[in-house]
file data_39.txt (compact mmCIF, C-alpha atoms)
# COMPACT_ATOMS: atom_id res chain seq x y z
CA MET O 1 18.77 6.49 15.33
CA GLU O 2 18.72 5.86 19.07
CA ARG O 3 17.12 9.21 19.70
CA HIS O 4 14.31 8.99 17.16
CA TYR O 5 13.65 5.30 16.62
CA LYS O 6 11.10 4.94 19.38
CA SER O 7 9.15 7.99 18.20
CA VAL O 8 9.06 6.78 14.62
CA LEU O 9 8.07 3.30 15.75
CA ASN O 10 5.18 4.64 17.80
CA ILE O 11 3.96 6.98 15.08
CA ILE O 12 3.71 4.01 12.74
CA TYR O 13 2.24 1.78 15.41
CA ARG O 14 -0.50 4.26 16.23
CA PHE O 15 -1.16 5.34 12.69
CA TYR O 16 -1.81 1.76 11.59
CA GLY O 17 -2.91 0.25 14.87
CA CYS O 18 -0.77 -2.67 13.79
CA SER O 19 1.34 -5.16 15.73
CA ARG O 20 4.78 -4.27 17.00
CA GLU O 21 6.39 -6.55 14.40
CA GLU O 22 4.66 -4.76 11.54
CA ALA O 23 5.51 -1.37 12.99
CA GLU O 24 9.15 -2.44 13.43
CA ASP O 25 9.36 -3.51 9.79
CA ILE O 26 8.08 -0.16 8.56
CA ALA O 27 10.27 1.75 11.01
CA GLN O 28 13.30 -0.11 9.71
CA GLU O 29 12.31 0.87 6.19
CA VAL O 30 12.03 4.50 7.26
CA PHE O 31 15.52 4.48 8.72
CA ILE O 32 16.98 2.75 5.69
CA ARG O 33 15.47 5.53 3.54
CA ILE O 34 16.84 8.15 5.90
CA TYR O 35 20.24 6.50 5.93
CA ARG O 36 20.31 6.33 2.15
CA GLY O 37 18.99 9.82 1.67
CA ILE O 38 20.91 11.63 4.37
CA ARG O 39 23.14 13.31 1.78
CA GLY O 40 20.06 14.81 0.19
CA PHE O 41 19.00 16.43 3.44
CA GLN O 42 19.71 20.11 2.99
CA GLY O 43 18.99 21.29 6.49
CA ARG O 44 16.18 23.64 5.44
CA SER O 45 13.94 22.12 8.07
CA ARG O 46 14.77 20.43 11.33
CA PHE O 47 16.03 16.88 11.07
CA PHE O 48 13.14 15.37 12.92
CA THR O 49 10.63 17.18 10.68
CA TRP O 50 12.28 15.55 7.71
CA LEU O 51 12.32 12.21 9.51
CA TYR O 52 8.63 12.47 10.36
CA LYS O 53 7.87 13.54 6.82
CA VAL O 54 9.51 10.39 5.48
CA THR O 55 7.67 8.37 8.12
CA MET O 56 4.26 9.82 7.29
CA ASN O 57 4.82 9.50 3.55
CA LEU O 58 5.59 5.84 4.02
CA CYS O 59 2.58 5.45 6.30
CA PHE O 60 0.27 6.94 3.69
CA LYS O 61 1.78 4.71 1.01
CA LYS O 62 1.22 1.59 3.04
CA ARG O 63 -2.45 2.17 3.67
CA ALA O 64 -3.29 -1.45 2.92
CA VAL O 65 -2.42 -2.56 6.45
CA LYS O 66 -5.41 -0.57 7.71
CA ARG O 67 -7.94 -2.42 9.87
CA LYS O 68 -11.16 -1.46 11.54
CA ASP O 69 -11.41 -3.20 14.86
CA ILE O 70 -8.05 -4.17 16.16
CA PRO O 71 -7.57 -6.17 19.32
CA LEU O 72 -4.70 -5.23 21.59
CA SER O 73 -1.49 -7.03 20.77
CA VAL O 74 0.23 -9.33 23.25
CA GLU O 75 2.85 -6.66 23.90
CA GLU O 76 0.22 -4.06 24.64
CA MET O 77 -1.56 -6.32 27.07
CA ALA O 78 1.72 -7.12 28.79
CA GLU O 79 2.71 -3.46 28.91
CA ASN O 80 -0.66 -2.42 30.22
CA ALA O 81 -0.41 -5.14 32.83
CA ASP O 82 3.04 -3.89 33.84
CA ALA O 83 1.75 -0.37 34.09
CA VAL O 84 -1.07 -1.48 36.31
CA GLU O 85 1.11 -3.72 38.47
CA GLY O 86 1.93 -2.10 41.77
CA ARG O 87 -0.62 0.64 41.38
CA ASP O 88 -3.67 -1.51 41.27
CA SER O 89 -3.50 -5.23 41.61
CA SER O 90 -7.18 -6.06 41.21
CA ALA O 91 -8.04 -8.08 38.12
CA GLU O 92 -11.14 -6.02 37.59
CA LYS O 93 -9.20 -2.78 37.29
CA HIS O 94 -6.77 -4.47 35.01
CA LEU O 95 -9.52 -5.55 32.62
CA GLU O 96 -11.08 -2.13 32.81
CA ARG O 97 -7.82 -0.56 31.81
CA GLN O 98 -7.42 -2.95 28.91
CA GLU O 99 -10.93 -2.20 27.75
CA LEU O 100 -10.21 1.52 27.91
CA SER O 101 -7.00 1.10 26.00
CA ARG O 102 -8.82 -0.86 23.32
CA ALA O 103 -11.57 1.77 23.13
CA VAL O 104 -9.04 4.56 22.71
CA LYS O 105 -7.19 2.62 20.06
CA ASN O 106 -10.39 1.97 18.14
CA ALA O 107 -11.48 5.59 18.46
CA VAL O 108 -8.17 6.85 17.10
CA MET O 109 -8.18 4.27 14.33
CA ALA O 110 -11.72 5.27 13.40
CA LEU O 111 -10.57 8.81 12.62
CA PRO O 112 -10.01 9.63 8.97
CA GLU O 113 -6.33 9.26 8.11
CA GLU O 114 -5.63 12.96 7.80
CA GLN O 115 -7.11 13.66 11.23
CA ARG O 116 -5.42 10.66 12.77
CA ALA O 117 -2.02 11.79 11.53
CA VAL O 118 -2.46 15.21 13.13
CA VAL O 119 -3.69 13.76 16.42
CA ILE O 120 -0.82 11.30 16.64
CA LEU O 121 1.83 13.91 15.91
CA HIS O 122 0.31 16.54 18.17
CA ARG O 123 -1.08 14.55 21.05
CA TYR O 124 1.43 11.73 21.35
CA HIS O 125 4.57 13.42 20.09
CA ASP O 126 3.97 16.97 21.16
CA ILE O 127 4.81 18.44 17.76
CA SER O 128 3.81 22.04 17.15
CA TYR O 129 1.21 23.07 14.59
CA GLU O 130 3.87 24.62 12.38
CA GLU O 131 5.97 21.50 12.37
CA ILE O 132 2.97 19.31 11.67
CA ALA O 133 2.08 21.56 8.74
CA ASP O 134 5.62 21.19 7.44
CA THR O 135 5.67 17.44 8.01
CA LEU O 136 2.37 16.79 6.26
CA GLY O 137 2.80 19.48 3.64
CA ILE O 138 -0.42 21.27 4.57
CA SER O 139 -1.30 24.76 5.79
CA LEU O 140 -1.43 25.82 9.40
CA ALA O 141 -5.17 26.40 9.09
CA ALA O 142 -5.62 22.85 7.81
CA VAL O 143 -3.76 21.49 10.82
CA LYS O 144 -6.01 23.39 13.20
CA SER O 145 -9.12 22.40 11.33
CA ARG O 146 -8.19 18.71 11.31
CA LEU O 147 -7.37 18.78 14.98
CA HIS O 148 -10.65 20.51 15.72
CA ARG O 149 -12.64 17.86 13.86
CA ALA O 150 -10.59 15.06 15.38
CA ARG O 151 -11.30 16.32 18.89
CA LEU O 152 -15.03 16.42 18.18
CA ASN O 153 -14.94 12.92 16.73
CA LEU O 154 -12.96 11.54 19.65
CA LYS O 155 -15.30 13.17 22.13
CA GLU O 156 -18.21 11.41 20.49
CA SER O 157 -16.47 8.04 20.32
CA LEU O 158 -15.20 8.08 23.89
CA LYS O 159 -17.92 9.89 25.79
CA GLU O 160 -19.12 6.72 27.50
CA TYR O 161 -15.64 6.22 28.96
CA VAL O 162 -15.30 9.72 30.40
CA ARG O 163 -16.00 9.96 34.12
CA MET G 1 -32.17 26.38 26.20
CA LYS G 2 -29.57 28.67 24.65
CA LYS G 3 -27.99 31.11 27.04
CA LYS G 4 -25.72 34.05 26.58
CA PHE G 5 -23.03 34.98 29.07
CA GLU G 6 -20.16 37.38 28.44
CA ASN G 7 -21.64 38.29 25.04
CA ILE G 8 -21.17 34.81 23.68
CA LYS G 9 -23.75 32.09 23.16
CA CYS G 10 -23.49 28.47 24.31
CA ASP G 11 -23.46 27.20 20.69
CA GLU G 12 -20.50 29.35 19.85
CA VAL G 13 -18.66 28.34 22.99
CA GLN G 14 -19.21 24.67 22.35
CA ASN G 15 -18.16 24.96 18.73
CA SER G 16 -14.98 26.68 19.82
CA MET G 17 -14.26 24.23 22.60
CA PRO G 18 -11.58 22.17 20.80
CA GLY G 19 -9.65 25.34 20.03
CA TYR G 20 -10.19 26.62 23.55
CA CYS G 21 -8.82 23.42 25.07
CA GLU G 22 -5.92 23.56 22.65
CA GLY G 23 -5.20 27.15 23.59
CA SER G 24 -5.21 28.11 19.94
CA LEU G 25 -7.88 30.82 20.07
CA SER G 26 -7.26 34.53 20.15
CA ALA G 27 -6.81 36.18 23.54
CA ASP G 28 -10.09 38.03 23.17
CA MET G 29 -12.05 34.88 22.34
CA THR G 30 -10.35 32.91 25.09
CA GLU G 31 -11.30 35.56 27.61
CA LYS G 32 -14.92 35.57 26.47
CA ILE G 33 -15.18 31.80 26.69
CA SER G 34 -13.51 31.69 30.11
CA GLY G 35 -16.04 34.23 31.38
CA HIS G 36 -18.87 32.25 29.88
CA LEU G 37 -17.66 28.98 31.42
CA SER G 38 -17.54 30.48 34.86
CA GLN G 39 -21.26 31.16 34.62
CA CYS G 40 -22.63 28.36 32.46
CA ARG G 41 -22.70 24.86 33.91
CA ALA G 42 -23.63 23.14 30.64
CA CYS G 43 -20.66 24.60 28.81
CA ALA G 44 -18.37 23.93 31.75
CA ALA G 45 -19.45 20.28 31.58
CA GLU G 46 -18.71 20.28 27.86
CA GLU G 47 -15.25 21.65 28.52
CA ASN G 48 -14.69 18.95 31.12
CA LEU G 49 -15.74 16.30 28.60
CA HIS G 50 -13.30 17.63 26.01
CA ARG G 51 -10.38 17.76 28.41
CA LYS G 52 -11.02 14.32 29.88
CA THR G 53 -11.42 12.77 26.45
CA TRP G 54 -8.06 14.21 25.47
CA ASP G 55 -6.52 12.85 28.67
CA LEU G 56 -8.00 9.43 27.96
CA LEU G 57 -5.75 9.08 24.94
CA ASP G 58 -2.90 8.31 27.34
CA SER G 59 -4.58 4.95 27.97
CA TRP G 60 -3.21 3.71 24.68
CA SER G 61 0.32 3.17 25.83
CA GLU G 62 3.34 3.32 23.58
CA ILE G 63 5.51 0.36 22.68
CA GLU G 64 9.21 -0.18 23.17
CA PRO G 65 11.51 -0.99 20.26
CA HIS G 66 12.77 -4.54 19.95
CA HIS G 67 16.07 -4.84 21.77
CA LEU G 68 17.79 -5.98 18.55
CA TYR G 69 16.46 -3.19 16.35
CA ARG G 70 19.91 -1.77 15.60
CA ALA G 71 21.28 -5.16 14.57
CA ARG G 72 18.22 -5.73 12.37
CA PHE G 73 18.70 -2.37 10.74
CA TRP G 74 22.32 -3.06 9.83
CA GLU G 75 21.43 -6.53 8.63
CA LYS G 76 18.76 -5.15 6.31
CA GLU G 77 21.01 -2.39 5.12
CA ALA G 78 23.77 -4.90 4.33
CA GLY G 79 21.26 -6.97 2.33
CA ARG G 80 20.28 -3.95 0.29
CA GLU G 81 23.90 -3.11 -0.36
CA VAL G 82 24.45 -6.52 -1.93
CA LEU G 83 21.43 -5.95 -4.19
CA SER G 84 22.48 -2.46 -5.11
CA ASP G 85 25.91 -3.80 -6.03
CA LEU G 86 24.42 -6.47 -8.27
CA ILE G 87 21.91 -4.28 -10.10
CA PRO G 88 24.52 -1.93 -11.63
CA ARG G 89 26.56 -4.92 -12.75
CA PHE G 90 23.69 -6.43 -14.71
CA ARG G 91 21.89 -3.26 -15.66
CA PHE G 92 23.07 -3.50 -19.28
CA ALA G 93 21.54 -6.95 -19.60
CA LEU G 94 18.24 -5.90 -18.02
CA VAL G 95 17.04 -3.65 -20.85
CA PRO G 96 17.70 -6.11 -23.72
CA ALA G 97 16.15 -8.91 -21.69
CA LEU G 98 13.02 -6.85 -21.05
CA CYS G 99 12.83 -5.85 -24.73
CA MET G 100 13.11 -9.49 -25.77
CA ILE G 101 10.32 -10.51 -23.42
CA LEU G 102 8.11 -7.68 -24.69
CA LEU G 103 8.81 -8.64 -28.31
CA ILE G 104 7.89 -12.25 -27.70
CA ILE G 105 4.70 -11.30 -25.88
CA SER G 106 3.62 -8.87 -28.57
CA ALA G 107 4.41 -11.43 -31.29
CA LEU G 108 2.25 -13.99 -29.54
CA LEU G 109 -0.61 -11.54 -29.21
CA PHE G 110 -0.35 -9.75 -32.53
CA ILE G 111 0.68 -12.24 -35.17
CA PRO G 112 -2.29 -14.65 -35.19
CA SER G 113 -4.84 -11.90 -35.56
CA HIS G 114 -3.23 -10.76 -38.84
CA ASN G 115 -3.05 -14.05 -40.60
CA ARG G 116 -6.53 -15.30 -41.05
CA GLY G 117 -8.43 -15.56 -44.30
CA ASP G 118 -7.70 -15.97 -47.99
CA ASP G 119 -5.70 -12.85 -48.76
CA LEU G 120 -2.76 -13.74 -46.62
CA PHE G 121 -2.71 -17.39 -47.53
CA THR G 122 -2.85 -16.88 -51.30
CA ALA G 123 0.26 -14.78 -51.56
CA GLU G 124 2.33 -16.70 -49.08
CA VAL G 125 1.50 -20.25 -50.12
CA GLN G 126 2.85 -19.60 -53.61
CA GLN G 127 6.17 -18.51 -52.19
CA TRP G 128 6.77 -21.45 -49.93
CA LYS G 129 10.30 -22.71 -49.94
CA PRO G 130 11.55 -26.12 -48.87
CA LEU G 131 12.66 -24.73 -45.55
CA ASP G 132 9.19 -23.39 -44.90
CA TYR G 133 7.67 -26.74 -45.78
CA MET G 134 9.96 -28.44 -43.34
CA ALA G 135 9.09 -26.04 -40.59
CA TYR G 136 5.43 -26.47 -41.35
CA ILE G 137 5.77 -30.20 -41.51
CA HIS G 138 7.60 -30.21 -38.25
CA SER G 139 4.84 -28.38 -36.52
CA VAL G 140 1.98 -30.34 -38.01
CA ASN G 141 3.79 -33.58 -37.57
CA TYR G 142 4.35 -32.76 -33.96
CA SER G 143 0.67 -32.44 -33.29
CA LEU G 144 -0.24 -35.48 -35.36
CA THR G 145 2.23 -37.86 -33.77
CA SER G 146 1.37 -36.78 -30.27
CA GLY G 147 -2.28 -37.37 -30.96
CA GLU G 148 -3.37 -34.67 -28.55
CA ASN G 149 -4.80 -31.29 -29.30
CA GLU G 150 -2.81 -29.62 -26.51
CA ASP G 151 0.38 -30.55 -28.30
CA GLY G 152 -0.87 -28.72 -31.34
CA LEU G 153 -0.89 -25.62 -29.19
CA ILE G 154 2.72 -26.18 -28.21
CA ALA G 155 3.64 -26.64 -31.83
CA ARG G 156 1.91 -23.41 -32.69
CA THR G 157 4.03 -21.53 -30.18
CA ASP G 158 7.17 -23.00 -31.71
CA VAL G 159 6.13 -22.02 -35.17
CA ILE G 160 5.34 -18.47 -34.26
CA LEU G 161 8.84 -18.03 -33.05
CA THR G 162 10.69 -19.90 -35.76
CA VAL G 163 8.95 -19.70 -39.14
CA PRO G 164 6.98 -17.16 -41.15
CA VAL G 165 3.62 -16.37 -39.73
CA TYR G 166 1.44 -17.81 -42.46
CA LEU G 167 2.76 -21.22 -41.55
CA ASP G 168 1.58 -20.75 -38.04
CA ASP G 169 -1.81 -19.71 -39.19
CA THR G 170 -2.07 -22.74 -41.41
CA VAL G 171 -1.30 -24.94 -38.49
CA GLU G 172 -3.56 -23.01 -36.23
CA SER G 173 -6.37 -23.32 -38.74
CA GLU G 174 -6.12 -27.08 -39.01
CA PRO G 175 -9.84 -27.90 -38.88
CA SER G 176 -9.71 -30.75 -36.43
CA LEU G 177 -7.70 -28.71 -33.93
CA TYR G 178 -9.19 -25.23 -34.28
CA PRO G 179 -12.61 -25.48 -35.92
CA ASP G 180 -13.60 -21.93 -34.89
CA ILE G 181 -10.92 -20.21 -36.98
CA PRO G 182 -11.85 -19.47 -40.65
CA LEU G 183 -9.43 -21.23 -42.92
CA GLY G 184 -10.36 -20.09 -46.41
CA ASP G 185 -9.82 -22.00 -49.69
CA ALA G 186 -6.16 -21.14 -49.89
CA GLY G 187 -5.62 -22.25 -46.32
CA VAL G 188 -7.35 -25.56 -46.97
CA SER G 189 -5.28 -26.20 -50.07
CA ALA G 190 -2.11 -25.25 -48.18
CA LEU G 191 -3.04 -27.67 -45.46
CA GLU G 192 -3.80 -30.41 -47.94
CA GLY G 193 -0.49 -29.77 -49.64
CA ALA G 194 1.32 -30.00 -46.36
CA GLN G 195 -0.49 -33.16 -45.37
CA SER G 196 0.43 -34.79 -48.64
CA VAL G 197 4.07 -33.89 -47.96
CA ILE G 198 3.76 -35.43 -44.53
CA THR G 199 2.30 -38.58 -46.02
CA GLU G 200 5.13 -38.76 -48.50
CA LEU G 201 7.62 -38.24 -45.72
CA GLU G 202 6.06 -41.02 -43.72
CA GLU G 203 6.07 -43.32 -46.68
CA GLY G 204 9.69 -42.52 -47.36
CA VAL G 205 9.08 -40.95 -50.76
CA LEU G 206 10.86 -37.67 -49.90
call {"tool": "encode", "arguments": {"input": "data_39.txt", "output": "structure tokens"}}
result
Amino acid sequence: MERHYKSVLNIIYRFYGCSREEAEDIAQEVFIRIYRGIRGFQGRSRFFTWLYKVTMNLCFKKRAVKRKDIPLSVEEMAENADAVEGRDSSAEKHLERQELSRAVKNAVMALPEEQRAVVILHRYHDISYEEIADTLGISLAAVKSRLHRARLNLKESLKEYVR
Amino acid sequence: MKKKFENIKCDEVQNSMPGYCEGSLSADMTEKISGHLSQCRACAAEENLHRKTWDLLDSWSEIEPHHLYRARFWEKEAGREVLSDLIPRFRFALVPALCMILLIISALLFIPSHNRGDDLFTAEVQQWKPLDYMAYIHSVNYSLTSGENEDGLIARTDVILTVPVYLDDTVESEPSLYPDIPLGDAGVSALEGAQSVITELEEGVL
């Protein structure tokens, strides 16, 4: 649990763009399912693939939490501020960074769910194409195609922020 | 203006850019695109845009788990264990309870629609027994003494559950309470009969 909790939490957090509390609730549910179903795990795939599969299935089931334009949560603002602290103390840079973070979040959230799932797993969790295909139950070609389209969409959404 | 360097056109390069940046193209294609990029500024700028966009995603920082997440997990798990212990204990009662609820609901929905009109009344009225009269009287009397139409509705519910259905329909068809439901001659005479019994009851004759 210690090893994977943070990953699962962040997958949920980024997939929904929800608050930390909401993400924590869903992550807890994922681990309760894993805990209850651990005897059914047959070891055919790697443990974390199974874990992510359960996570993504739950994410897709709980689509209702979805929102369009989501402001940064208090935690995010605090974390962004911490990250900036020491490196750049100017308030202007701080706001700029928050704005960028919000733009990225909105761009990712604007992706269709199937593209967003692939981007989150690949970009933020460094999961290989094969493992993503296994996790989402899709073909390797579909993974590549979704990633391709997601990259094009993100490029369009974020082009004004690229320098 | 479309250009062609290294036997590959700008359109093709730009369409393949996500795959190129991912490193998921074939070696041959990758080599062609690399050659093209070294000569074409527009496509090189496009590549730069793709790579920087991808790097921008780091701006959305990750979150840390709540420091009590383990304790919360075990608390939730313990709560579920209590539930899962209770459900097997009462599982035999669950099915009959659900069946009973379904039966009551279907009776409430189904019975009134089958007891309107002369045909049903004629046969049943002739077979009334004292017990049926009493049940009927009880229900009608209930609505009369309360003096409110809403109470007639409550009485109807009671009757559906406790006495034969034609009695309910007679009550339900009482003109002053439910003028929109066709009563029929037999229903009217049944109602009149019942009302005379009520009168006799009130006067102490019965």
call {"tool": "closest_atom_pairs", "arguments": {"input": "data_39.txt", "of": "chain O", "to": "chain G", "cutoff": "7 Å", "atoms": "only C-alpha atoms", "output": "Markdown table"}}
result
| residue | atom | partner | partner_atom | distance |
| --- | --- | --- | --- | --- |
| O:Lys6 | CA | G:Pro65 | CA | 6.0 |
| O:Asn10 | CA | G:Glu62 | CA | 6.2 |
| O:Gln28 | CA | G:Phe73 | CA | 5.9 |
| O:Ile32 | CA | G:Glu77 | CA | 6.6 |
| O:Leu100 | CA | G:Ser59 | CA | 6.6 |
| O:Ser101 | CA | G:Trp60 | CA | 4.8 |
| O:Val104 | CA | G:Leu57 | CA | 6.0 |
| O:Lys105 | CA | G:Trp60 | CA | 6.2 |
| O:His148 | CA | G:Pro18 | CA | 5.4 |
| O:Arg151 | CA | G:Pro18 | CA | 6.2 |
| O:Lys155 | CA | G:Thr53 | CA | 5.8 |
| O:Leu158 | CA | G:Thr53 | CA | 6.5 |
| O:Val162 | CA | G:Lys52 | CA | 6.3 |
call {"tool": "write_last_selection", "arguments": {"input": "data_39.txt", "atoms": "C-alpha atoms", "output": "mmCIF file, in the coordinates of the input"}}
result
data_model
loop_
_atom_site.group_PDB
_atom_site.id
_atom_site.type_symbol
_atom_site.label_atom_id
_atom_site.label_comp_id
_atom_site.auth_asym_id
_atom_site.auth_seq_id
_atom_site.Cartn_x
_atom_site.Cartn_y
_atom_site.Cartn_z
ATOM 1 C CA LYS O 6 11.100 4.940 19.380
ATOM 2 C CA ASN O 10 5.180 4.640 17.800
ATOM 3 C CA GLN O 28 13.300 -0.110 9.710
ATOM 4 C CA ILE O 32 16.980 2.750 5.690
ATOM 5 C CA LEU O 100 -10.210 1.520 27.910
ATOM 6 C CA SER O 101 -7.000 1.100 26.000
ATOM 7 C CA VAL O 104 -9.040 4.560 22.710
ATOM 8 C CA LYS O 105 -7.190 2.620 20.060
ATOM 9 C CA HIS O 148 -10.650 20.510 15.720
ATOM 10 C CA ARG O 151 -11.300 16.320 18.890
ATOM 11 C CA LYS O 155 -15.300 13.170 22.130
ATOM 12 C CA LEU O 158 -15.200 8.080 23.890
ATOM 13 C CA VAL O 162 -15.300 9.720 30.400
#
call {"tool": "residues_around", "arguments": {"input": "data_39.txt", "residues": "segment 114-127 of chain O", "least_positions_apart": "6", "cutoff": "7 Å", "atoms": "all atoms listed in the file", "output": "ChimeraX atom specification"}}
result
/O:11,15,108,143,146-147,150
call {"tool": "atom_distance", "arguments": {"input": "data_39.txt", "atom1": "atom CA of Glu96 of chain O", "atom2": "atom CA of Ser7 of chain O"}}
result
26.9 Å
call {"tool": "atom_distance", "arguments": {"input": "data_39.txt", "atom1": "atom CA of Arg163 of chain O", "atom2": "atom CA of Ser128 of chain O"}}
result
28.7 Å
call {"tool": "atom_distance", "arguments": {"input": "data_39.txt", "atom1": "atom CA of Cys10 of chain G", "atom2": "atom CA of Cys40 of chain G"}}
result
8.2 Å
